[in-house]
$ cat work_24.txt   # compact mmCIF, C-alpha atoms
# COMPACT_ATOMS: atom_id res chain seq x y z
CA MET C 1 -7.56 -7.87 10.56
CA ALA C 2 -10.72 -9.81 11.39
CA LEU C 3 -13.56 -8.98 9.00
CA ARG C 4 -17.28 -9.35 9.30
CA CYS C 5 -20.26 -7.82 7.43
CA THR C 6 -23.30 -6.23 8.97
CA PHE C 7 -26.52 -5.15 7.25
CA ARG C 8 -27.53 -1.51 7.61
CA CYS C 9 -30.78 0.17 6.68
CA GLY C 10 -30.74 3.59 5.10
CA GLY C 11 -33.14 5.37 7.45
CA ALA C 12 -36.16 7.12 6.00
CA SER C 13 -35.26 6.19 2.45
CA SER C 14 -35.41 2.48 3.40
CA SER C 15 -32.39 1.82 1.14
CA ASN C 16 -30.09 -0.96 2.31
CA ALA C 17 -26.29 -1.12 2.24
CA TRP C 18 -23.60 -3.50 3.31
CA SER C 19 -21.19 -2.13 5.87
CA VAL C 20 -17.71 -3.64 6.13
CA VAL C 21 -16.58 -3.86 9.74
CA VAL C 22 -12.92 -4.60 10.40
CA SER C 23 -11.18 -5.10 13.75
CA HIS C 24 -8.31 -2.66 14.25
CA VAL C 25 -5.04 -4.16 15.52
CA ASP C 26 -2.50 -1.99 17.31
CA PRO C 27 0.80 -2.17 15.33
CA ARG C 28 2.61 -3.06 18.58
CA PHE C 29 0.82 -6.43 18.75
CA GLY C 30 3.53 -8.35 16.88
CA ALA C 31 6.40 -7.00 18.97
CA ARG C 32 4.47 -7.63 22.20
CA LEU C 33 3.72 -11.20 21.18
CA ARG C 34 7.39 -11.82 20.35
CA THR C 35 8.52 -10.37 23.71
CA LEU C 36 6.06 -12.48 25.68
CA ARG C 37 7.10 -15.62 23.80
CA THR C 38 10.85 -15.10 24.20
CA ASP C 39 10.50 -14.06 27.85
CA ARG C 40 8.94 -17.46 28.47
CA GLY C 41 11.72 -19.25 26.58
CA LEU C 42 9.44 -20.50 23.83
CA SER C 43 10.37 -20.96 20.19
CA LEU C 44 7.80 -20.30 17.49
CA ARG C 45 7.40 -24.05 17.07
CA ALA C 46 6.90 -24.59 20.82
CA LEU C 47 4.29 -21.84 21.06
CA GLY C 48 2.59 -23.25 17.99
CA GLN C 49 2.28 -26.64 19.67
CA LEU C 50 0.81 -25.08 22.81
CA ALA C 51 -1.60 -22.83 20.92
CA HIS C 52 -2.40 -25.27 18.09
CA ARG C 53 -1.22 -22.73 15.54
CA GLY C 54 1.23 -23.10 12.67
CA LYS C 55 4.79 -21.81 13.10
CA SER C 56 4.51 -19.70 9.92
CA HIS C 57 1.20 -18.21 11.10
CA LEU C 58 2.76 -17.12 14.40
CA HIS C 59 5.75 -15.69 12.51
CA ASP C 60 3.35 -13.64 10.36
CA LEU C 61 1.60 -12.35 13.49
CA GLU C 62 4.89 -11.28 15.06
CA THR C 63 6.14 -9.53 11.90
CA GLY C 64 2.82 -7.80 11.19
CA VAL C 65 2.28 -9.64 7.90
CA LYS C 66 -0.97 -11.02 9.31
CA ALA C 67 -3.33 -9.48 11.85
CA PRO C 68 -4.87 -11.54 14.65
CA THR C 69 -8.57 -11.98 15.14
CA PRO C 70 -9.88 -11.04 18.59
CA GLU C 71 -10.31 -14.77 19.26
CA THR C 72 -6.67 -15.51 18.37
CA ALA C 73 -5.48 -12.63 20.58
CA ARG C 74 -7.49 -13.97 23.55
CA HIS C 75 -6.22 -17.52 23.00
CA LEU C 76 -2.55 -16.48 22.82
CA ASP C 77 -3.05 -14.20 25.81
CA GLU C 78 -4.25 -17.17 27.86
CA ILE C 79 -1.45 -19.46 26.65
CA LEU C 80 1.23 -16.88 27.48
CA GLN C 81 -0.52 -15.75 30.70
CA ALA C 82 -0.29 -12.15 29.48
CA GLY C 83 -3.07 -10.81 31.71
CA GLY C 84 -4.96 -9.21 28.83
CA ALA C 85 -1.93 -7.42 27.33
CA LEU C 86 -2.52 -8.96 23.90
CA VAL C 87 -6.29 -8.64 24.04
CA ARG C 88 -6.06 -4.91 24.68
CA LEU C 89 -4.08 -4.44 21.46
CA VAL C 90 -6.98 -5.71 19.36
CA ASP C 91 -9.67 -3.05 19.45
CA GLN C 92 -13.35 -3.19 18.74
CA PRO C 93 -14.27 -3.51 15.06
CA VAL C 94 -13.89 -0.48 12.78
CA ASP C 95 -16.74 0.31 10.41
CA HIS C 96 -14.87 1.79 7.44
CA ASP C 97 -18.01 2.93 5.61
CA ALA C 98 -19.16 4.77 8.72
CA GLU C 99 -15.76 6.43 9.28
CA ALA C 100 -15.64 7.60 5.66
CA ASP C 101 -19.24 8.84 5.78
CA GLU C 102 -18.65 10.70 9.06
CA LEU C 103 -16.02 13.01 7.58
CA LEU C 104 -18.21 13.72 4.56
CA ALA C 105 -21.16 14.49 6.84
CA ARG C 106 -19.07 17.02 8.76
CA VAL C 107 -18.02 18.68 5.53
CA ARG C 108 -21.66 19.06 4.50
CA ALA C 109 -23.00 20.14 7.87
CA SER C 110 -20.45 22.40 9.54
CA ASP C 111 -18.15 25.35 9.13
CA VAL C 112 -14.38 25.18 9.40
CA SER C 113 -12.41 25.96 12.52
CA ALA C 114 -10.32 29.13 12.62
CA GLU C 115 -7.45 27.24 14.27
CA THR C 116 -4.13 27.26 12.51
CA LEU C 117 -3.79 24.77 9.64
CA SER C 118 -0.01 24.61 9.56
CA ARG C 119 0.35 21.44 11.65
CA ILE C 120 -2.42 19.72 9.73
CA GLU C 121 -0.70 20.43 6.42
CA ALA C 122 2.69 19.47 7.87
CA GLY C 123 1.17 16.24 9.19
CA VAL C 124 -0.20 15.38 5.76
CA ASP C 125 3.25 15.91 4.23
CA ASP C 126 4.93 13.86 6.96
CA LEU C 127 2.60 10.91 6.49
CA ALA C 128 2.77 11.05 2.69
CA SER C 129 6.58 11.05 2.97
CA ALA C 130 6.57 8.20 5.50
CA TYR C 131 4.58 6.01 3.12
CA ALA C 132 7.68 4.85 1.22
CA THR C 133 9.60 3.67 4.27
CA THR C 134 6.94 2.68 6.82
CA ARG C 135 5.15 -0.66 6.93
CA PRO C 136 1.47 -0.21 6.01
CA VAL C 137 0.31 -1.79 9.27
CA ASP C 138 2.34 0.82 11.19
CA LEU C 139 1.32 3.80 9.05
CA LEU C 140 -2.43 3.17 9.14
CA PRO C 141 -3.05 4.13 12.82
CA ALA C 142 -1.23 7.46 12.35
CA VAL C 143 -3.30 8.29 9.27
CA ARG C 144 -6.49 7.47 11.18
CA ARG C 145 -5.48 9.75 14.07
CA HIS C 146 -4.81 12.68 11.73
CA LEU C 147 -8.12 12.13 9.97
CA ALA C 148 -9.93 12.16 13.29
CA TYR C 149 -8.25 15.46 14.16
CA VAL C 150 -9.31 17.00 10.84
CA GLY C 151 -12.85 15.79 11.55
CA ARG C 152 -12.86 17.54 14.93
CA LEU C 153 -11.69 20.79 13.36
CA LEU C 154 -14.47 20.59 10.80
CA ASP C 155 -16.95 20.79 13.67
CA GLY C 156 -15.83 24.36 14.35
CA ARG C 157 -16.24 27.58 12.41
CA GLY C 158 -13.88 29.49 10.16
CA THR C 159 -13.46 31.28 6.88
CA VAL C 160 -14.27 29.76 3.51
CA ALA C 161 -10.54 29.51 2.78
CA GLN C 162 -9.85 27.70 6.07
CA ARG C 163 -12.72 25.33 5.43
CA ARG C 164 -11.45 24.46 1.98
CA SER C 165 -7.93 23.86 3.33
CA LEU C 166 -9.27 21.38 5.87
CA ILE C 167 -11.33 19.61 3.23
CA VAL C 168 -8.27 19.31 1.01
CA ALA C 169 -6.15 18.01 3.91
CA GLY C 170 -8.86 15.49 4.77
CA GLY C 171 -8.98 14.44 1.13
CA TRP C 172 -5.24 13.79 0.93
CA LEU C 173 -5.33 11.80 4.17
CA THR C 174 -8.30 9.79 2.94
CA VAL C 175 -6.73 8.83 -0.38
CA LEU C 176 -3.52 7.93 1.51
CA ARG C 177 -5.55 5.78 3.88
CA ALA C 178 -7.17 4.03 0.91
CA THR C 179 -3.71 3.39 -0.56
CA VAL C 180 -2.52 1.79 2.68
CA HIS C 181 -5.62 -0.43 2.73
CA ILE C 182 -4.81 -1.49 -0.85
CA ASP C 183 -1.28 -2.37 0.25
CA LEU C 184 -2.78 -4.52 3.00
CA GLN C 185 -5.25 -6.04 0.50
CA GLN C 186 -8.20 -4.78 2.50
CA ARG C 187 -10.31 -4.18 -0.58
CA SER C 188 -13.62 -3.15 0.94
CA ALA C 189 -12.00 -0.64 3.29
CA ALA C 190 -9.95 0.77 0.41
CA GLY C 191 -13.08 1.18 -1.71
CA ALA C 192 -14.95 3.03 1.03
CA HIS C 193 -12.15 5.53 1.60
CA LEU C 194 -11.36 6.01 -2.09
CA ALA C 195 -15.00 6.90 -2.72
CA ALA C 196 -14.89 9.36 0.19
CA ALA C 197 -11.62 10.88 -1.08
CA ALA C 198 -13.13 11.44 -4.52
CA LYS C 199 -16.08 13.27 -2.97
CA LEU C 200 -13.76 15.40 -0.84
CA ALA C 201 -11.74 16.25 -3.97
CA ASP C 202 -15.00 17.35 -5.61
CA HIS C 203 -15.93 19.43 -2.53
CA GLY C 204 -12.52 21.08 -2.56
CA GLU C 205 -12.55 21.51 -6.35
CA HIS C 206 -9.10 19.93 -6.41
CA ALA C 207 -8.35 18.48 -9.85
CA GLU C 208 -5.02 16.89 -8.92
CA MET C 209 -6.55 15.05 -5.97
CA GLN C 210 -9.35 13.83 -8.24
CA ALA C 211 -6.69 12.48 -10.59
CA TRP C 212 -4.82 10.77 -7.73
CA CYS C 213 -8.03 9.00 -6.74
CA LEU C 214 -8.32 7.64 -10.29
CA GLU C 215 -4.63 6.71 -10.40
CA THR C 216 -4.94 4.88 -7.08
CA ARG C 217 -7.92 2.94 -8.40
CA ALA C 218 -5.82 2.06 -11.45
CA TRP C 219 -3.07 0.68 -9.22
CA ASP C 220 -5.62 -1.34 -7.25
CA HIS C 221 -6.87 -2.94 -10.47
CA LEU C 222 -3.31 -3.69 -11.58
CA THR C 223 -2.58 -5.54 -8.33
CA ARG C 224 -5.70 -7.63 -8.92
CA GLY C 225 -4.65 -8.54 -12.47
CA GLU C 226 -7.44 -6.43 -14.00
CA HIS C 227 -5.23 -4.74 -16.57
CA ARG C 228 -7.68 -3.21 -19.06
CA PRO C 229 -9.70 -1.35 -16.38
CA ALA C 230 -6.38 -0.15 -14.92
CA ILE C 231 -5.35 1.30 -18.28
CA ALA C 232 -8.71 3.06 -18.70
CA LEU C 233 -8.51 4.61 -15.22
CA ALA C 234 -4.91 5.73 -15.76
CA GLN C 235 -5.92 7.43 -19.01
CA GLN C 236 -8.90 9.08 -17.30
CA ALA C 237 -6.58 10.34 -14.55
CA GLN C 238 -4.34 11.95 -17.19
CA ARG C 239 -7.33 13.77 -18.66
CA VAL C 240 -8.39 15.08 -15.24
CA ALA C 241 -4.95 16.00 -13.86
CA PRO C 242 -3.37 19.41 -14.47
CA ARG C 243 -0.79 19.10 -17.26
CA GLY C 244 2.68 18.42 -15.88
CA SER C 245 1.40 17.71 -12.36
CA SER C 246 2.66 14.78 -10.30
CA ALA C 247 -0.70 13.04 -10.75
CA HIS C 248 -0.46 13.37 -14.54
CA ILE C 249 3.07 11.93 -14.57
CA GLN C 250 2.23 9.08 -12.20
CA ALA C 251 -0.88 8.17 -14.20
CA THR C 252 1.27 8.02 -17.34
CA ALA C 253 3.62 5.60 -15.59
CA GLN C 254 0.65 3.54 -14.47
CA GLU C 255 -0.69 3.37 -18.02
CA ALA C 256 2.69 2.06 -19.20
CA ARG C 257 2.55 -0.67 -16.57
CA GLY C 258 -0.92 -1.63 -17.71
CA TRP C 259 0.14 -1.98 -21.35
CA ALA C 260 3.13 -4.04 -20.20
CA ARG C 261 0.83 -6.45 -18.38
CA VAL C 262 -1.35 -7.01 -21.44
CA GLY C 263 1.78 -7.61 -23.52
CA ASP C 264 1.49 -4.64 -25.90
CA VAL C 265 5.15 -3.62 -26.26
CA ARG C 266 4.42 -0.84 -28.76
CA LEU C 267 1.96 0.98 -26.50
CA THR C 268 4.18 0.31 -23.49
CA ARG C 269 7.08 2.05 -25.24
CA ARG C 270 4.87 4.96 -26.29
CA ALA C 271 3.71 5.53 -22.71
CA LEU C 272 7.31 5.29 -21.44
CA ASP C 273 8.39 7.85 -24.05
CA ARG C 274 5.71 10.24 -22.77
CA LEU C 275 6.90 9.61 -19.21
CA GLU C 276 10.49 10.38 -20.19
CA ARG C 277 9.50 13.65 -21.87
CA ALA C 278 7.39 14.69 -18.88
CA THR C 279 10.23 14.11 -16.38
CA ALA C 280 13.19 15.25 -18.50
CA ASN C 281 13.50 18.72 -16.94
CA LEU C 282 11.62 18.05 -13.71
CA ALA C 283 13.34 19.19 -10.52
CA VAL C 284 13.65 16.80 -7.59
CA PRO C 285 11.08 17.88 -4.96
CA GLN C 286 12.22 19.06 -1.55
CA ARG C 287 10.77 15.90 -0.02
CA ALA C 288 11.57 13.31 -2.65
CA GLU C 289 9.75 10.50 -0.79
CA HIS C 290 6.45 12.41 -0.70
CA HIS C 291 3.96 10.00 -2.26
CA TYR C 292 2.06 12.75 -4.06
CA ARG C 293 5.07 14.65 -5.42
CA TYR C 294 6.69 12.91 -8.33
CA ASP C 295 10.42 12.32 -7.91
CA PRO C 296 12.08 12.20 -11.36
CA THR C 297 14.74 9.87 -9.97
CA LYS C 298 11.98 7.25 -9.82
CA ALA C 299 11.63 7.29 -13.60
CA LEU C 300 14.35 4.71 -14.19
CA ALA C 301 12.84 2.42 -11.55
CA TYR C 302 9.43 2.70 -13.22
CA THR C 303 11.08 1.89 -16.56
CA ALA C 304 12.73 -1.20 -15.07
CA THR C 305 9.42 -2.39 -13.62
CA THR C 306 7.53 -1.78 -16.84
CA LEU C 307 10.12 -3.43 -19.09
CA SER C 308 10.35 -6.48 -16.82
CA TRP C 309 6.57 -6.85 -16.86
CA ALA C 310 6.57 -6.54 -20.64
CA GLY C 311 9.32 -9.16 -20.99
CA ASP C 312 11.57 -6.67 -22.79
CA PRO C 313 15.21 -7.88 -23.12
CA ALA C 314 16.42 -4.45 -21.96
CA ALA C 315 14.81 -4.98 -18.55
CA GLU C 316 17.73 -6.86 -16.96
CA GLN C 317 20.33 -4.14 -17.50
CA VAL C 318 17.99 -1.33 -16.43
CA ALA C 319 16.94 -3.28 -13.31
CA ARG C 320 20.59 -3.88 -12.33
CA VAL C 321 21.38 -0.17 -12.63
CA VAL C 322 18.35 0.74 -10.51
CA LEU C 323 19.21 -1.77 -7.79
CA ALA C 324 22.86 -0.63 -7.69
CA GLU C 325 21.69 2.96 -7.13
CA LEU C 326 19.08 2.06 -4.52
CA ASP C 327 21.06 -0.49 -2.54
CA PRO C 328 24.81 -0.12 -3.12
CA ARG C 329 25.71 -1.95 0.12
CA GLY C 330 23.18 -4.75 -0.20
CA ASP C 331 21.46 -3.89 3.09
CA GLY C 332 18.24 -2.43 1.67
CA GLY C 333 19.58 1.10 1.42
CA ASP C 334 17.66 4.20 2.46
CA ARG C 335 14.56 3.04 0.60
CA PRO C 336 14.21 -0.64 1.49
CA ARG C 337 10.68 -0.99 0.14
CA ARG C 338 11.70 0.29 -3.27
CA SER C 339 14.82 -1.90 -3.14
CA ALA C 340 12.67 -4.98 -2.57
CA SER C 341 10.52 -4.07 -5.58
CA ALA C 342 13.66 -3.53 -7.68
CA ARG C 343 14.88 -7.01 -6.75
CA LEU C 344 11.59 -8.53 -7.88
CA ASP C 345 11.88 -6.59 -11.15
CA LEU C 346 15.40 -7.94 -11.64
CA ALA C 347 14.31 -11.48 -10.76
CA LEU C 348 11.53 -11.36 -13.34
CA ALA C 349 13.96 -10.05 -15.97
CA LEU C 350 16.50 -12.74 -15.09
CA VAL C 351 14.08 -15.62 -15.44
CA ALA C 352 12.94 -14.17 -18.78
CA SER C 353 16.57 -14.19 -19.95
CA ASP C 354 17.02 -17.83 -18.91
CA GLN C 355 18.87 -17.22 -15.64
CA PRO C 356 16.45 -18.90 -13.19
CA ASP C 357 18.99 -19.70 -10.45
CA GLU C 358 20.05 -16.08 -10.04
CA ALA C 359 16.43 -15.00 -10.39
CA SER C 360 15.51 -17.28 -7.50
CA ALA C 361 18.34 -15.97 -5.30
CA VAL C 362 17.42 -12.33 -5.98
CA ALA C 363 13.72 -13.00 -5.28
CA VAL C 364 14.62 -14.71 -1.98
CA GLU C 365 16.51 -11.55 -0.94
CA ALA C 366 13.48 -9.41 -1.75
CA ILE C 367 11.08 -11.61 0.19
CA ARG C 368 13.33 -12.03 3.22
CA SER C 369 13.69 -8.25 3.52
CA GLY C 370 10.12 -8.20 4.82
CA ARG C 371 9.43 -5.16 2.62
CA VAL C 372 7.19 -6.77 0.01
CA VAL C 373 3.74 -5.47 0.95
CA PRO C 374 0.70 -7.73 0.40
CA SER C 375 -0.47 -5.75 -2.64
CA ASN C 376 2.88 -6.48 -4.33
CA TRP C 377 2.92 -10.15 -3.41
CA TRP C 378 1.63 -11.19 -6.82
CA ARG C 379 5.03 -10.15 -8.22
CA ALA C 380 6.82 -12.64 -5.95
CA ARG C 381 4.23 -15.25 -6.90
CA GLU C 382 4.87 -14.65 -10.59
CA VAL C 383 8.64 -15.02 -10.19
CA LEU C 384 8.09 -18.29 -8.30
CA ARG C 385 5.73 -19.59 -10.99
CA ARG C 386 8.17 -18.81 -13.78
CA VAL C 387 11.18 -20.26 -11.95
CA GLU C 388 9.20 -23.43 -11.21
CA GLN C 389 8.49 -23.80 -14.92
CA THR C 390 12.23 -23.95 -15.61
CA GLY C 391 12.91 -26.72 -13.10
CA ALA C 392 15.83 -24.75 -11.63
CA SER C 393 17.69 -26.27 -8.69
CA GLU C 394 17.12 -23.20 -6.51
CA VAL C 395 13.34 -23.34 -6.75
CA SER C 396 12.90 -25.34 -3.53
CA THR C 397 14.55 -22.57 -1.49
CA LEU C 398 12.43 -19.94 -3.19
CA ARG C 399 9.27 -21.93 -2.56
CA GLU C 400 10.16 -22.41 1.14
CA VAL C 401 10.82 -18.68 1.68
CA TYR C 402 7.74 -17.74 -0.31
CA GLU C 403 5.53 -19.92 1.88
CA ALA C 404 7.16 -18.70 5.10
CA TYR C 405 6.52 -15.03 4.33
CA ARG C 406 3.32 -15.21 2.32
CA PRO C 407 0.67 -12.84 3.71
CA ALA C 408 -2.82 -13.96 4.59
CA SER C 409 -5.29 -14.07 1.73
$ encode --input "work_24.txt" --output "structure tokens"
Amino acid sequence: MALRCTFRCGGASSSNAWSVVVSHVDPRFGARLRTLRTDRGLSLRALGQLAHRGKSHLHDLETGVKAPTPETARHLDEILQAGGALVRLVDQPVDHDAEADELLARVRASDVSAETLSRIEAGVDDLASAYATTRPVDLLPAVRRHLAYVGRLLDGRGTVAQRRSLIVAGGWLTVLRATVHIDLQQRSAAGAHLAAAAKLADHGEHAEMQAWCLETRAWDHLTRGEHRPAIALAQQAQRVAPRGSSAHIQATAQEARGWARVGDVRLTRRALDRLERATANLAVPQRAEHHYRYDPTKALAYTATTLSWAGDPAAEQVARVVLAELDPRGDGGDRPRRSASARLDLALALVASDQPDEASAVAVEAIRSGRVVPSNWWRAREVLRRVEQTGASEVSTLREVYEAYRPAS
């Protein structure tokens, strides 16, 4: 997405704030670009020569790894004689601070509609369940549409209970939206919506949502390599979350990951022990892929990730078991995003156990699946770095695939 900053003044208070404005790209852009190119008999390389763009950049546009700027969309539209078809898929810029503030303003200023809440709540569950299997760039527009609908309902009137239900639904959608922005490495947008979600959680007096906001911030810090702040936020989330809730369990897992990244094996093991106790008798939720309902079958996958990050010798065997369960046929399985992460875990464990060639091959599979989201790209980068240090013969292939699929900074 194209990003620019504008300077806003705070009205009567004369306080100033920076507003992050991001162009929204319709998720169909990549497919439309590919269709136009192939219909004209052009390869990626040929189109790149005509448009003065790199082949890998065009590949990233077609697969949704990168988003076009309005200027790029116009240029490609002209080259392919698309009559504005590509231009129309790149909307006017989105002011994320303004969108987040708008929902909060409606909460403060209006009553809640008396319309039924069942489809709102069902929509929240559907989107939270789709998170695990849907590309972030495809999920984001749907989350925005549902948030807009909640905002319209907040303009009406209703009972106190209906109002609170809408606020809670808006809060869950907002924290999910922030999570998707983190996955896309859109940091400023994620920050705006996480702050709004925390305020909505306060409005709704919803302790578990408050804890999820903290846990999500912890994950954001982990993806940036800021491990100590991530640990502190995960611990704070555990204090806020209801005991035994999904947020409490997930924050415990996040704390374990943080200790693994700083290399403290003792505290990593202690956090993993707490995670195991918390999930020992936990039933599998009706919708196991729901992002905000902890699935105890994930526990082994979290253990594999954490052990591989900590460099624990047990990581390889655990990671192999997890991958065999997730992807028995080798085609990505029912949860391809989680399978890709499991392959990166295994690759990291393999290179730590002096098996760099297999590590490289496994990492190549993960990257080529197209399911490694930008926020997880540092894991692929770390595998590449460690394989390169060994001088393994397979490193050139890994480097080539890494560069071909690497998301925009």
$ atom_distance --input "work_24.txt" --atom1 "atom CA of Leu222 of chain C" --atom2 "atom CA of Ala251 of chain C"
12.4 Å
$ closest_residue --input "work_24.txt" --among "C:Leu153, C:Ala51, C:Ala211, C:Leu384" --to "Asp357 of chain C" --atoms "only C-alpha atoms"
C:Leu384
$ closest_residue --input "work_24.txt" --among "C:Arg385, C:Ser118, C:Val318, C:Arg337" --to "Thr303 of chain C" --atoms "only C-alpha atoms"
C:Val318
$ closest_atom_pairs --input "work_24.txt" --of "segment 109-226 of chain C" --to "segment 285-289 of chain C" --cutoff "12 Å" --atoms "all atoms listed in the file" --output "tab-separated table"
residue	atom	partner	partner_atom	distance
C:Ala122	CA	C:Arg287	CA	11.8
C:Asp125	CA	C:Arg287	CA	8.6
C:Asp126	CA	C:Arg287	CA	9.3
C:Leu127	CA	C:Glu289	CA	10.2
C:Ala128	CA	C:Glu289	CA	7.8
C:Ser129	CA	C:Glu289	CA	4.9
C:Ala130	CA	C:Glu289	CA	7.4
C:Tyr131	CA	C:Glu289	CA	7.9
C:Ala132	CA	C:Glu289	CA	6.3
C:Thr133	CA	C:Glu289	CA	8.5
C:Thr134	CA	C:Glu289	CA	11.3
$ residues_around --input "work_24.txt" --residues "segment 183-198 of chain C" --least-positions-apart "2" --cutoff "8 Å" --atoms "all atoms listed in the file" --output "list of chain:residue names"
C:Val20, C:His96, C:Asp97, C:Ala100, C:Asp101, C:Leu104, C:Pro136, C:Val137, C:Gly170, C:Gly171, C:Trp172, C:Thr174, C:Val175, C:Arg177, C:Ala178, C:Thr179, C:Val180, C:His181, C:Leu200, C:Ala201, C:Asp202, C:Met209, C:Gln210, C:Cys213, C:Arg217, C:Val373, C:Pro374, C:Ser375, C:Asn376
$ write_last_selection --input "work_24.txt" --atoms "C-alpha atoms" --output "compact mmCIF listing (two decimals), keeping the file's coordinate frame"
# COMPACT_ATOMS: atom_id res chain seq x y z
CA VAL C 20 -17.71 -3.64 6.13
CA HIS C 96 -14.87 1.79 7.44
CA ASP C 97 -18.01 2.93 5.61
CA ALA C 100 -15.64 7.60 5.66
CA ASP C 101 -19.24 8.84 5.78
CA LEU C 104 -18.21 13.72 4.56
CA PRO C 136 1.47 -0.21 6.01
CA VAL C 137 0.31 -1.79 9.27
CA GLY C 170 -8.86 15.49 4.77
CA GLY C 171 -8.98 14.44 1.13
CA TRP C 172 -5.24 13.79 0.93
CA THR C 174 -8.30 9.79 2.94
CA VAL C 175 -6.73 8.83 -0.38
CA ARG C 177 -5.55 5.78 3.88
CA ALA C 178 -7.17 4.03 0.91
CA THR C 179 -3.71 3.39 -0.56
CA VAL C 180 -2.52 1.79 2.68
CA HIS C 181 -5.62 -0.43 2.73
CA LEU C 200 -13.76 15.40 -0.84
CA ALA C 201 -11.74 16.25 -3.97
CA ASP C 202 -15.00 17.35 -5.61
CA MET C 209 -6.55 15.05 -5.97
CA GLN C 210 -9.35 13.83 -8.24
CA CYS C 213 -8.03 9.00 -6.74
CA ARG C 217 -7.92 2.94 -8.40
CA VAL C 373 3.74 -5.47 0.95
CA PRO C 374 0.70 -7.73 0.40
CA SER C 375 -0.47 -5.75 -2.64
CA ASN C 376 2.88 -6.48 -4.33
$ atom_distance --input "work_24.txt" --atom1 "atom CA of Val362 of chain C" --atom2 "atom CA of Ala347 of chain C"
5.8 Å
$ atom_distance --input "work_24.txt" --atom1 "atom CA of Arg406 of chain C" --atom2 "atom CA of Arg224 of chain C"
16.3 Å
$ closest_residue --input "work_24.txt" --among "C:His57, C:Pro229, C:Arg164, C:Arg257" --to "His203 of chain C" --atoms "only C-alpha atoms"
C:Arg164
$ closest_residue --input "work_24.txt" --among "C:Ala67, C:Ala352, C:Leu33, C:Val322" --to "Ala340 of chain C" --atoms "all atoms listed in the file"
C:Val322
